[in-house]
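Containing compact mmCIF, C-alpha atoms and all ligand atoms: input24.txt.
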```
# COMPACT_ATOMS: atom_id res chain seq x y z
CA MET A 1 14.75 16.81 -27.71
CA ILE A 2 11.94 16.05 -25.35
CA SER A 3 11.74 17.79 -22.01
CA SER A 4 10.83 15.30 -19.29
CA LYS A 5 7.72 15.96 -17.22
CA LEU A 6 9.32 14.13 -14.30
CA PRO A 7 13.02 14.95 -14.68
CA ASN A 8 14.00 13.77 -11.20
CA ILE A 9 12.16 10.47 -11.24
CA GLY A 10 14.02 7.36 -12.36
CA THR A 11 13.08 3.68 -12.47
CA SER A 12 11.30 2.53 -9.32
CA ILE A 13 13.49 0.99 -6.63
CA PHE A 14 11.36 -2.18 -6.78
CA ALA A 15 12.25 -2.72 -10.43
CA LYS A 16 15.90 -1.87 -9.73
CA MET A 17 16.32 -4.23 -6.78
CA SER A 18 14.36 -7.05 -8.42
CA LYS A 19 16.63 -6.81 -11.48
CA LEU A 20 19.73 -6.77 -9.29
CA ALA A 21 18.37 -9.82 -7.44
CA ALA A 22 17.76 -11.66 -10.73
CA ASP A 23 21.17 -10.68 -12.15
CA HIS A 24 22.94 -12.03 -9.04
CA ASN A 25 20.68 -14.97 -8.38
CA ALA A 26 19.72 -13.53 -4.99
CA ILE A 27 16.70 -14.32 -2.81
CA ASN A 28 14.35 -11.44 -3.55
CA LEU A 29 12.84 -10.01 -0.36
CA SER A 30 12.73 -6.54 -1.91
CA HIS A 31 9.53 -6.32 -3.91
CA GLY A 32 6.32 -6.92 -1.95
CA PHE A 33 4.67 -10.02 -3.31
CA PRO A 34 4.04 -13.57 -2.04
CA ASP A 35 6.18 -16.47 -3.24
CA PHE A 36 3.16 -18.77 -2.81
CA ASP A 37 0.11 -19.04 -5.02
CA CYS A 38 -3.40 -17.73 -4.49
CA HIS A 39 -6.22 -20.08 -3.47
CA PRO A 40 -6.95 -22.64 -6.24
CA VAL A 41 -10.69 -21.93 -6.02
CA LEU A 42 -10.01 -18.34 -7.06
CA THR A 43 -8.23 -19.36 -10.26
CA GLU A 44 -11.00 -21.90 -10.94
CA LEU A 45 -13.56 -19.13 -10.59
CA VAL A 46 -11.72 -16.89 -13.05
CA THR A 47 -11.62 -19.80 -15.52
CA LYS A 48 -15.30 -20.51 -14.91
CA TYR A 49 -16.30 -16.93 -15.69
CA MET A 50 -14.09 -16.83 -18.76
CA ARG A 51 -15.81 -20.02 -19.98
CA GLU A 52 -19.16 -18.40 -19.25
CA ALA A 53 -18.15 -15.68 -21.72
CA LYS A 54 -17.72 -12.89 -19.18
CA ASN A 55 -15.00 -11.58 -21.43
CA GLN A 56 -16.19 -8.17 -22.62
CA TYR A 57 -16.00 -4.75 -20.98
CA ALA A 58 -17.35 -4.54 -17.45
CA PRO A 59 -19.55 -1.58 -16.57
CA MET A 60 -17.39 1.52 -16.05
CA PRO A 61 -17.61 1.55 -12.20
CA GLY A 62 -17.24 -2.24 -11.98
CA VAL A 63 -19.31 -5.43 -12.04
CA PHE A 64 -22.40 -4.84 -9.89
CA GLU A 65 -22.03 -8.06 -7.88
CA LEU A 66 -18.49 -7.12 -6.89
CA ARG A 67 -19.41 -3.58 -5.88
CA GLN A 68 -22.19 -5.11 -3.81
CA ALA A 69 -19.78 -7.52 -2.11
CA ILE A 70 -17.34 -4.68 -1.38
CA ALA A 71 -20.08 -2.48 0.08
CA ARG A 72 -21.35 -5.36 2.21
CA LYS A 73 -17.88 -6.06 3.58
CA ASN A 74 -17.37 -2.41 4.49
CA LYS A 75 -20.71 -2.23 6.23
CA GLU A 76 -19.91 -5.35 8.26
CA LEU A 77 -16.35 -4.42 9.17
CA TYR A 78 -16.47 -0.65 9.51
CA GLY A 79 -20.18 0.15 9.86
CA HIS A 80 -20.31 2.53 6.91
CA THR A 81 -22.77 2.00 4.05
CA TYR A 82 -21.34 2.98 0.67
CA ASP A 83 -23.95 3.32 -2.08
CA VAL A 84 -23.30 0.50 -4.57
CA GLU A 85 -24.26 2.66 -7.55
CA LYS A 86 -22.54 5.89 -6.66
CA GLU A 87 -19.81 5.29 -4.11
CA VAL A 88 -17.86 2.16 -5.10
CA THR A 89 -15.54 1.89 -8.12
CA VAL A 90 -13.39 -1.09 -9.09
CA THR A 91 -9.93 -0.09 -10.31
CA ALA A 92 -7.03 -1.77 -12.11
CA GLY A 93 -5.09 -2.03 -8.85
CA ALA A 94 -4.80 0.53 -6.08
CA THR A 95 -2.03 2.22 -8.08
CA GLN A 96 -4.48 3.24 -10.78
CA GLY A 97 -6.89 4.31 -8.05
CA ILE A 98 -4.25 6.54 -6.44
CA TYR A 99 -3.34 8.19 -9.73
CA THR A 100 -6.97 8.65 -10.68
CA VAL A 101 -7.94 10.20 -7.34
CA ILE A 102 -4.99 12.58 -7.31
CA SER A 103 -5.71 13.59 -10.92
CA ALA A 104 -9.35 14.22 -10.07
CA PHE A 105 -8.63 16.70 -7.28
CA ILE A 106 -5.12 18.14 -7.49
CA LYS A 107 -4.70 21.27 -9.59
CA GLU A 108 -1.74 23.56 -10.26
CA ASP A 109 -0.09 24.68 -6.98
CA ASP A 110 -2.35 22.64 -4.72
CA GLU A 111 -0.44 21.25 -1.76
CA VAL A 112 -0.64 17.64 -0.66
CA ILE A 113 0.68 16.40 2.67
CA VAL A 114 2.66 13.19 2.29
CA PHE A 115 4.15 11.31 5.24
CA GLU A 116 7.67 10.00 4.77
CA PRO A 117 8.91 7.35 4.38
CA ALA A 118 6.21 7.08 1.70
CA TYR A 119 5.07 4.50 -0.81
CA ASP A 120 6.55 5.70 -4.06
CA SER A 121 3.50 6.32 -6.28
CA TYR A 122 2.07 9.38 -4.49
CA THR A 123 4.65 12.02 -5.36
CA PRO A 124 4.83 11.44 -9.15
CA ALA A 125 1.03 11.56 -9.37
CA ILE A 126 0.95 14.84 -7.42
CA LYS A 127 3.67 16.39 -9.57
CA MET A 128 2.16 15.23 -12.88
CA ASN A 129 -0.94 17.18 -11.93
CA GLY A 130 0.98 20.37 -11.07
CA GLY A 131 0.60 19.88 -7.33
CA LYS A 132 3.23 20.26 -4.64
CA PRO A 133 4.01 17.48 -2.17
CA VAL A 134 4.59 18.79 1.35
CA TYR A 135 6.50 16.20 3.33
CA VAL A 136 6.06 15.43 7.02
CA GLN A 137 8.45 12.88 8.50
CA LEU A 138 7.12 10.01 10.57
CA GLN A 139 8.93 9.75 13.88
CA HIS A 140 11.67 7.12 13.87
CA PRO A 141 11.85 4.41 15.25
CA ASN A 142 8.11 3.74 15.71
CA TYR A 143 7.13 5.89 12.71
CA SER A 144 4.24 7.59 14.48
CA ILE A 145 2.71 10.81 13.19
CA ASN A 146 3.69 14.15 14.72
CA TRP A 147 0.35 15.94 14.45
CA ASN A 148 1.86 19.28 15.47
CA ALA A 149 4.14 19.06 12.46
CA VAL A 150 1.13 18.27 10.29
CA LYS A 151 -0.70 21.30 11.70
CA ARG A 152 2.28 23.52 10.91
CA SER A 153 2.30 22.23 7.32
CA ILE A 154 -1.32 23.11 6.62
CA ASN A 155 -2.16 26.38 4.91
CA SER A 156 -4.83 27.75 2.56
CA ARG A 157 -3.34 25.82 -0.41
CA THR A 158 -3.50 22.42 1.34
CA ARG A 159 -5.90 20.33 -0.70
CA MET A 160 -5.22 16.76 0.38
CA ILE A 161 -3.61 14.63 3.08
CA ILE A 162 -2.47 11.13 2.09
CA LEU A 163 -2.54 8.52 4.83
CA ASN A 164 -1.47 4.90 4.60
CA SER A 165 -2.31 2.39 7.33
CA PRO A 166 -1.07 -0.31 7.76
CA HIS A 167 1.95 1.53 6.45
CA ASN A 168 4.39 0.55 3.74
CA PRO A 169 7.38 0.48 4.33
CA THR A 170 7.32 0.66 8.15
CA GLY A 171 4.45 -1.62 9.26
CA ALA A 172 3.13 1.17 11.54
CA VAL A 173 -0.65 1.37 12.03
CA LEU A 174 -2.92 4.29 12.87
CA LYS A 175 -4.23 4.51 16.42
CA LYS A 176 -7.60 5.89 17.42
CA GLU A 177 -5.79 9.01 18.76
CA ASP A 178 -4.34 9.57 15.28
CA VAL A 179 -7.77 9.46 13.73
CA ASP A 180 -9.06 11.92 16.35
CA ALA A 181 -6.13 14.28 15.70
CA LEU A 182 -6.75 14.10 11.95
CA ASN A 183 -10.43 14.79 12.41
CA LYS A 184 -9.67 17.85 14.53
CA LEU A 185 -7.25 19.22 11.93
CA VAL A 186 -9.43 18.84 8.85
CA ASN A 187 -12.79 19.63 10.41
CA GLY A 188 -14.23 22.75 8.79
CA SER A 189 -11.48 22.85 6.12
CA GLN A 190 -11.50 22.13 2.37
CA ILE A 191 -8.98 19.33 2.80
CA ILE A 192 -9.80 15.90 1.45
CA VAL A 193 -8.13 12.73 2.67
CA LEU A 194 -6.79 9.92 0.54
CA SER A 195 -6.60 6.86 2.77
CA ASP A 196 -4.48 4.08 1.31
CA GLU A 197 -5.75 0.99 3.12
CA VAL A 198 -4.42 -1.70 0.80
CA TYR A 199 -3.14 -3.73 3.79
CA GLU A 200 -6.40 -3.38 5.74
CA HIS A 201 -6.55 -7.11 6.52
CA ILE A 202 -2.87 -7.57 7.35
CA ILE A 203 -2.70 -6.31 10.93
CA PHE A 204 -1.19 -8.03 13.98
CA ASP A 205 -1.15 -8.49 17.75
CA GLY A 206 -4.89 -7.98 18.22
CA LYS A 207 -4.76 -4.44 16.83
CA ILE A 208 -7.76 -3.30 14.81
CA HIS A 209 -7.61 -1.56 11.48
CA HIS A 210 -9.01 1.95 11.85
CA SER A 211 -10.51 2.41 8.43
CA LEU A 212 -11.47 6.05 7.97
CA ALA A 213 -14.80 4.67 6.74
CA ALA A 214 -15.60 3.94 10.39
CA PHE A 215 -15.60 7.64 11.32
CA PRO A 216 -18.66 9.36 9.82
CA LYS A 217 -17.30 12.95 9.88
CA LEU A 218 -14.04 11.88 8.26
CA ALA A 219 -15.72 9.52 5.80
CA GLU A 220 -17.50 12.55 4.29
CA ARG A 221 -14.16 13.87 2.98
CA THR A 222 -12.23 10.62 2.57
CA ILE A 223 -11.42 8.46 -0.42
CA ILE A 224 -10.39 4.93 0.53
CA LEU A 225 -8.28 2.66 -1.64
CA SER A 226 -7.86 -1.05 -1.21
CA SER A 227 -6.18 -3.81 -3.21
CA PHE A 228 -7.41 -7.32 -3.98
CA GLY A 229 -3.79 -8.16 -4.80
CA LYS A 230 -2.72 -7.86 -1.16
CA THR A 231 -5.77 -9.59 0.29
CA TYR A 232 -5.93 -12.59 -2.03
CA HIS A 233 -2.24 -13.16 -2.92
CA THR A 234 -2.91 -11.96 -6.48
CA THR A 235 -0.68 -8.90 -6.89
CA GLY A 236 -0.15 -9.76 -10.57
CA TRP A 237 -3.84 -9.37 -11.40
CA LYS A 238 -3.72 -5.64 -10.59
CA MET A 239 -7.19 -5.22 -9.14
CA GLY A 240 -8.38 -2.85 -6.42
CA TYR A 241 -11.19 -0.55 -5.49
CA CYS A 242 -12.03 2.93 -4.41
CA LEU A 243 -14.71 4.10 -1.96
CA ALA A 244 -15.83 7.72 -1.63
CA PRO A 245 -18.91 9.84 -0.99
CA ALA A 246 -20.97 10.30 -4.17
CA THR A 247 -19.92 13.95 -4.71
CA LEU A 248 -16.24 12.97 -4.72
CA MET A 249 -16.78 9.71 -6.60
CA SER A 250 -18.50 11.46 -9.51
CA GLU A 251 -15.28 13.49 -10.03
CA ILE A 252 -13.11 10.38 -9.68
CA ARG A 253 -15.14 8.52 -12.30
CA LYS A 254 -14.67 11.35 -14.79
CA ILE A 255 -10.98 10.43 -14.81
CA HIS A 256 -11.39 6.68 -14.31
CA GLN A 257 -13.53 6.33 -17.46
CA PHE A 258 -10.82 7.83 -19.66
CA MET A 259 -7.88 6.22 -17.90
CA VAL A 260 -9.02 2.58 -18.10
CA PHE A 261 -12.80 2.77 -18.55
CA SER A 262 -13.20 -0.45 -16.55
CA ALA A 263 -11.17 -3.26 -14.96
CA ASN A 264 -10.81 -6.95 -15.85
CA THR A 265 -14.27 -8.54 -16.15
CA PRO A 266 -13.88 -12.27 -15.35
CA ILE A 267 -11.67 -11.51 -12.36
CA GLN A 268 -14.32 -9.15 -10.97
CA TYR A 269 -16.95 -11.91 -11.13
CA ALA A 270 -14.51 -14.31 -9.50
CA TYR A 271 -13.73 -11.97 -6.59
CA ALA A 272 -17.44 -11.24 -6.11
CA GLU A 273 -18.07 -14.94 -5.54
CA PHE A 274 -14.89 -15.60 -3.56
CA MET A 275 -15.58 -12.70 -1.19
CA GLN A 276 -18.63 -14.57 0.09
CA GLN A 277 -16.17 -16.79 1.98
CA LYS A 278 -15.20 -14.23 4.56
CA HIS A 279 -12.65 -16.39 6.33
CA HIS A 280 -10.13 -15.69 3.55
CA TYR A 281 -9.77 -12.07 4.63
CA GLU A 282 -10.65 -12.62 8.28
CA GLU A 283 -7.74 -15.05 8.71
CA LEU A 284 -5.18 -13.08 6.76
CA GLY A 285 -3.80 -11.14 9.76
CA ALA A 286 -3.08 -14.36 11.71
CA PHE A 287 -1.55 -15.96 8.60
CA TYR A 288 0.94 -13.13 8.14
CA GLN A 289 1.53 -12.63 11.86
CA GLN A 290 2.90 -16.15 11.98
CA LYS A 291 5.23 -15.30 9.09
CA ARG A 292 6.33 -12.07 10.77
CA ASP A 293 7.05 -13.89 14.03
CA PHE A 294 9.02 -16.56 12.21
CA PHE A 295 11.05 -13.99 10.25
CA VAL A 296 11.78 -11.93 13.39
CA SER A 297 12.80 -15.06 15.35
CA LEU A 298 15.51 -15.79 12.77
CA PHE A 299 17.32 -12.59 13.82
CA LYS A 300 17.43 -13.51 17.54
CA GLY A 301 20.90 -13.03 18.99
CA SER A 302 22.16 -11.25 15.89
CA LYS A 303 23.48 -7.71 15.46
CA PHE A 304 20.60 -6.94 13.11
CA LYS A 305 17.77 -5.32 15.07
CA THR A 306 14.18 -5.85 13.96
CA LEU A 307 11.84 -2.89 14.45
CA LYS A 308 8.18 -3.27 15.36
CA SER A 309 5.95 -4.29 12.44
CA SER A 310 2.24 -4.10 13.36
CA GLY A 311 0.87 -4.70 9.88
CA THR A 312 1.64 -5.24 6.14
CA TYR A 313 4.02 -7.96 5.00
CA PHE A 314 7.12 -5.89 5.56
CA GLN A 315 9.69 -5.97 8.32
CA LEU A 316 12.20 -3.19 8.92
CA VAL A 317 15.65 -4.24 10.07
CA ASP A 318 18.23 -1.86 11.59
CA TYR A 319 21.78 -2.82 10.60
CA SER A 320 23.65 0.02 12.33
CA GLN A 321 25.55 -2.48 14.53
CA VAL A 322 26.66 -4.39 11.43
CA SER A 323 27.83 -1.66 9.06
CA LYS A 324 28.14 2.09 8.73
CA GLU A 325 27.61 1.98 4.95
CA ARG A 326 24.82 4.01 3.35
CA ASP A 327 21.67 1.91 3.20
CA THR A 328 21.64 1.97 -0.60
CA ASP A 329 25.23 0.71 -0.77
CA PHE A 330 24.63 -1.89 1.93
CA ALA A 331 21.46 -3.18 0.19
CA ASP A 332 23.39 -3.48 -3.10
CA ARG A 333 26.23 -5.31 -1.37
CA LEU A 334 23.89 -7.72 0.40
CA THR A 335 22.25 -8.50 -2.93
CA ILE A 336 25.48 -9.01 -4.84
CA GLU A 337 27.64 -10.67 -2.17
CA ASN A 338 25.21 -12.32 0.26
CA LYS A 339 22.52 -12.94 -2.37
CA VAL A 340 19.61 -11.41 -0.46
CA ALA A 341 17.74 -8.42 -1.90
CA SER A 342 15.96 -5.85 0.27
CA ILE A 343 14.88 -2.22 -0.11
CA PRO A 344 16.92 0.56 1.53
CA VAL A 345 14.41 2.73 3.41
CA SER A 346 16.11 6.03 2.47
CA VAL A 347 14.60 5.73 -1.01
CA PHE A 348 11.14 6.28 0.48
CA TYR A 349 12.19 9.86 1.37
CA HIS A 350 12.44 12.70 -1.15
CA GLN A 351 15.77 13.69 0.42
CA SER A 352 17.25 10.28 1.16
CA VAL A 353 17.07 10.02 4.96
CA ASP A 354 19.48 7.21 5.85
CA ARG A 355 18.80 5.64 9.27
CA LYS A 356 20.55 2.36 8.41
CA VAL A 357 17.29 0.50 7.99
CA LEU A 358 16.30 -2.03 5.30
CA ARG A 359 12.84 -3.28 4.38
CA PHE A 360 12.29 -7.00 3.89
CA CYS A 361 9.14 -8.65 2.54
CA PHE A 362 8.14 -11.72 4.59
CA ALA A 363 5.34 -12.92 2.31
CA LYS A 364 7.58 -15.92 1.66
CA SER A 365 7.87 -19.58 2.58
CA GLU A 366 9.69 -20.45 5.81
CA ASP A 367 12.47 -22.13 3.83
CA THR A 368 13.07 -18.98 1.82
CA MET A 369 13.10 -16.79 4.92
CA SER A 370 15.44 -19.16 6.80
CA GLU A 371 17.91 -19.30 3.94
CA ALA A 372 17.79 -15.51 3.48
CA VAL A 373 18.50 -14.72 7.13
CA LYS A 374 21.21 -17.39 7.30
CA ARG A 375 22.94 -15.63 4.40
CA LEU A 376 22.46 -12.22 5.99
CA ARG A 377 23.94 -13.36 9.27
CA GLU A 378 27.10 -14.51 7.53
CA ILE A 379 28.06 -10.83 7.30
CA GLU A 380 28.06 -10.20 11.07
C1 LIG B 401 0.90 1.32 0.27
C2 LIG B 401 0.56 0.75 -1.06
N1 LIG B 401 -0.39 1.34 -1.79
C3 LIG B 401 -0.73 0.88 -3.01
C4 LIG B 401 -0.12 -0.22 -3.56
C5 LIG B 401 -0.51 -0.68 -4.93
O1 LIG B 401 -1.44 -1.70 -4.93
P1 LIG B 401 -1.81 -2.44 -6.31
O2 LIG B 401 -0.83 -3.53 -6.51
O3 LIG B 401 -3.21 -2.92 -6.08
O4 LIG B 401 -1.75 -1.42 -7.40
C6 LIG B 401 0.90 -0.86 -2.85
C7 LIG B 401 1.61 -2.01 -3.43
O5 LIG B 401 2.69 -2.36 -3.03
C8 LIG B 401 1.24 -0.36 -1.56
O6 LIG B 401 2.20 -0.94 -0.84
```

Could you express the structure from this file as structure tokens?
Amino acid sequence: MISSKLPNIGTSIFAKMSKLAADHNAINLSHGFPDFDCHPVLTELVTKYMREAKNQYAPMPGVFELRQAIARKNKELYGHTYDVEKEVTVTAGATQGIYTVISAFIKEDDEVIVFEPAYDSYTPAIKMNGGKPVYVQLQHPNYSINWNAVKRSINSRTRMIILNSPHNPTGAVLKKEDVDALNKLVNGSQIIVLSDEVYEHIIFDGKIHHSLAAFPKLAERTIILSSFGKTYHTTGWKMGYCLAPATLMSEIRKIHQFMVFSANTPIQYAYAEFMQQKHHYEELGAFYQQKRDFFVSLFKGSKFKTLKSSGTYFQLVDYSQVSKERDTDFADRLTIENKVASIPVSVFYHQSVDRKVLRFCFAKSEDTMSEAVKRLREIE
């Protein structure tokens, strides 16, 4: 008999809810991906580079032109210059980046601070490397960070803090005061920061994305992850990147080279060229804000209460006036009976905190959103 290395981890909720949605022919607002296609020029570029025989292994850290485009974008947006040779690595999605970074730095008994509700890939990566996740709850209902609680959780074994802004599943975004509080806490310590910024361009209401790259003291100890999938409506291509100071990046690449060696070559060339047209990422926030506003408007006058989403393509909805069922049961019932799939937010906590809130993905056409909310409202 084998003894599982992750005995308490089952199939991801995204796979579970998507299967339930397919089995019951439900509208799937559970898993976070667009129901519209990426820009046709991007697929043409991939084809072009395939035809130009860019079909063999890329250099281990990534195609030079793409690393250059990434570094240029970061300089322009956040004012930090990452060295193209030593401080930028292209990954097979942010997920691979997260696993690689955690593997590079977390040893037996190291503690890692994780804010809950949390995206589900952090904890397994920490545990697989012998580390211990230390959970700090974000403050419901605005899901802000209680920095005093973070301070109380830090001790001599704390090796890493994982931040995610804009935040999945809540849509909360870091404020300048949060960055200042973080800086104060880690200054002079051995703690490194993993900053998951995959939704960096999906931010609303005139708010600005506070990339940790923009804060020189913090940038010295921070590893940033981003995802081309979120920015260019290409989640299925599984492409992302990692930025870090050279001393940290050299450790990250030791793992990266044996995990994947390098990421998809023709797609890297295509992104490098497509990134020259900045309006695609500059306009993304407005594009999704319109979708968020439309989705939220569909709930007007209903017993479902939408919480504030300041970024990402997720909207939390409080159903406590509609049902007292556990969120997992309610989400299953909505999928099976009302034919709309969502994610119950309790699953983003290690000890299932049920606040009667569901997460919906609004990266969908208006018709799909309208039909989904119409079906949901039939339950009221
Ligand atoms: C917060 C967060 N980090 C990382 C990822 C993974 O990104 P990728 O699809 O590039 O692996 C996701 C995807 O949903 C996410 O929501």

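Near ligand LIG 401 (chain B), the residues found within 6 Å are Gly32, Gly93, Ala94, Thr95, Tyr119, Asn168, Asp196, Val198, Ser227, Gly229, Thr235, Lys238, Met239 and Gly240 of chain A (criterion computed using only C-alpha atoms and all ligand atoms).
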
With C-alpha atoms retained, could you export that selection as an mmCIF file, in the frame of the given file?
```cif
data_model
loop_
_atom_site.group_PDB
_atom_site.id
_atom_site.type_symbol
_atom_site.label_atom_id
_atom_site.label_comp_id
_atom_site.auth_asym_id
_atom_site.auth_seq_id
_atom_site.Cartn_x
_atom_site.Cartn_y
_atom_site.Cartn_z
ATOM 1 C CA GLY A 32 6.320 -6.920 -1.950
ATOM 2 C CA GLY A 93 -5.090 -2.030 -8.850
ATOM 3 C CA ALA A 94 -4.800 0.530 -6.080
ATOM 4 C CA THR A 95 -2.030 2.220 -8.080
ATOM 5 C CA TYR A 119 5.070 4.500 -0.810
ATOM 6 C CA ASN A 168 4.390 0.550 3.740
ATOM 7 C CA ASP A 196 -4.480 4.080 1.310
ATOM 8 C CA VAL A 198 -4.420 -1.700 0.800
ATOM 9 C CA SER A 227 -6.180 -3.810 -3.210
ATOM 10 C CA GLY A 229 -3.790 -8.160 -4.800
ATOM 11 C CA THR A 235 -0.680 -8.900 -6.890
ATOM 12 C CA LYS A 238 -3.720 -5.640 -10.590
ATOM 13 C CA MET A 239 -7.190 -5.220 -9.140
ATOM 14 C CA GLY A 240 -8.380 -2.850 -6.420
#
```

Counting only C-alpha atoms, find the residues whose atoms lie at most 9 Å from (24.3, -14.3, 10.2) (file coordinates) and write them out as a PyMOL selection string.
chain A and resi 299+302-304+373-380

Polymer residues at most 6 Å from (7.3, 12.6, 4.0) by all atoms listed in the file, as a list in words
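Residues with an atom at most 6 Å from (7.3, 12.6, 4.0): Val114, Phe115, Glu116, Pro117, Tyr135, Val136 and Gln137 of chain A.
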
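Between A:Ala71 and the residues A:Leu284, A:Ala213, A:Ile343, A:Ile13, the shortest atom-to-atom distance, using all atoms listed in the file, involves A:Ala213.
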
Taking all atoms listed in the file into account, name the residue in A:Val179, A:Ile224, A:Ala58, A:Ile267 that is nearest to A:Thr43.
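For A:Thr43, the nearest of the given residues is A:Ile267.
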
Quote the spacing between atom CA of A:Val345 and atom CA of A:Asp329 in Å to one decimal place.
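Separation of atom CA of A:Val345 and atom CA of A:Asp329: 11.8 Å.
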
Identify, on the basis of all atoms listed in the file, every residue whose closest approach to A:Cys242 does not exceed 6 Å; exclude the query and any residue fewer than 4 positions from it along the same chain; express the result as a PyMOL selection string.
chain A and resi 88-89+224-225

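Relative to atom CA of A:His80, atom CA of A:Val41 is found at 29.3 Å.
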
Would you kindly return, as a PDB file with C-alpha atoms, in the coordinates of the input, each protein, DNA or RNA residue with an atom no farther than 12 Å from any atom of A:Glu220, considering only C-alpha atoms and excluding same-chain residues fewer than 2 positions away?
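selection24.pdb was written with the following content:
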```
ATOM      1  CA  HIS A  80     -20.310   2.530   6.910  1.00  0.00           C
ATOM      2  CA  THR A  81     -22.770   2.000   4.050  1.00  0.00           C
ATOM      3  CA  TYR A  82     -21.340   2.980   0.670  1.00  0.00           C
ATOM      4  CA  GLU A  87     -19.810   5.290  -4.110  1.00  0.00           C
ATOM      5  CA  ASN A 183     -10.430  14.790  12.410  1.00  0.00           C
ATOM      6  CA  VAL A 186      -9.430  18.840   8.850  1.00  0.00           C
ATOM      7  CA  ASN A 187     -12.790  19.630  10.410  1.00  0.00           C
ATOM      8  CA  GLY A 188     -14.230  22.750   8.790  1.00  0.00           C
ATOM      9  CA  GLN A 190     -11.500  22.130   2.370  1.00  0.00           C
ATOM     10  CA  ILE A 191      -8.980  19.330   2.800  1.00  0.00           C
ATOM     11  CA  ILE A 192      -9.800  15.900   1.450  1.00  0.00           C
ATOM     12  CA  VAL A 193      -8.130  12.730   2.670  1.00  0.00           C
ATOM     13  CA  LEU A 194      -6.790   9.920   0.540  1.00  0.00           C
ATOM     14  CA  LEU A 212     -11.470   6.050   7.970  1.00  0.00           C
ATOM     15  CA  ALA A 213     -14.800   4.670   6.740  1.00  0.00           C
ATOM     16  CA  ALA A 214     -15.600   3.940  10.390  1.00  0.00           C
ATOM     17  CA  PHE A 215     -15.600   7.640  11.320  1.00  0.00           C
ATOM     18  CA  PRO A 216     -18.660   9.360   9.820  1.00  0.00           C
ATOM     19  CA  LYS A 217     -17.300  12.950   9.880  1.00  0.00           C
ATOM     20  CA  LEU A 218     -14.040  11.880   8.260  1.00  0.00           C
ATOM     21  CA  THR A 222     -12.230  10.620   2.570  1.00  0.00           C
ATOM     22  CA  ILE A 223     -11.420   8.460  -0.420  1.00  0.00           C
ATOM     23  CA  ILE A 224     -10.390   4.930   0.530  1.00  0.00           C
ATOM     24  CA  LEU A 243     -14.710   4.100  -1.960  1.00  0.00           C
ATOM     25  CA  ALA A 244     -15.830   7.720  -1.630  1.00  0.00           C
ATOM     26  CA  PRO A 245     -18.910   9.840  -0.990  1.00  0.00           C
ATOM     27  CA  ALA A 246     -20.970  10.300  -4.170  1.00  0.00           C
ATOM     28  CA  THR A 247     -19.920  13.950  -4.710  1.00  0.00           C
ATOM     29  CA  LEU A 248     -16.240  12.970  -4.720  1.00  0.00           C
ATOM     30  CA  MET A 249     -16.780   9.710  -6.600  1.00  0.00           C
TER      31      MET A 249
END
```

Which is closer to A:Ala53 than all the others in A:Ser310, A:Ser144, A:Gln351, A:Thr265, using only C-alpha atoms?
A:Thr265

With distances taken over all atoms listed in the file, which residue among A:Gln315, A:Ser156, A:Ser346, A:Asn146 lies nearest A:Phe330?
A:Ser346

Could you check which of A:Gln290, A:Thr312, A:Gln68, A:Asn142 is closest to A:Thr231, using all atoms listed in the file?
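Checking each candidate against A:Thr231, we get A:Thr312 as the closest.
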
As lines of an AutoDock Vina configuration file, please report the centre and edge lengths, rounded to one decimal in Å, of the axis-aligned box that holds all listed atoms of stretch 265-272 of chain A with 5 Å of padding on each of the six sides.
```
center_x = -14.6
center_y = -11.4
center_z = -11.1
size_x = 15.8
size_y = 15.8
size_z = 20.0
```

Could you name the residues that touch A:Gln277 at 12 Å or less, counting all atoms listed in the file, but leaving out those on the same chain fewer than 3 positions away, as a ChimeraX atom specification?
/A:39,41-42,69,73,232,270-274,280-283

Compare A:Lys107, A:Arg333, A:His210, A:His350 by their minimum atom-to-atom distance to A:Asp178, counting only C-alpha atoms, and give me the closest one.
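Using only C-alpha atoms, A:Asp178 sits closest to A:His210.
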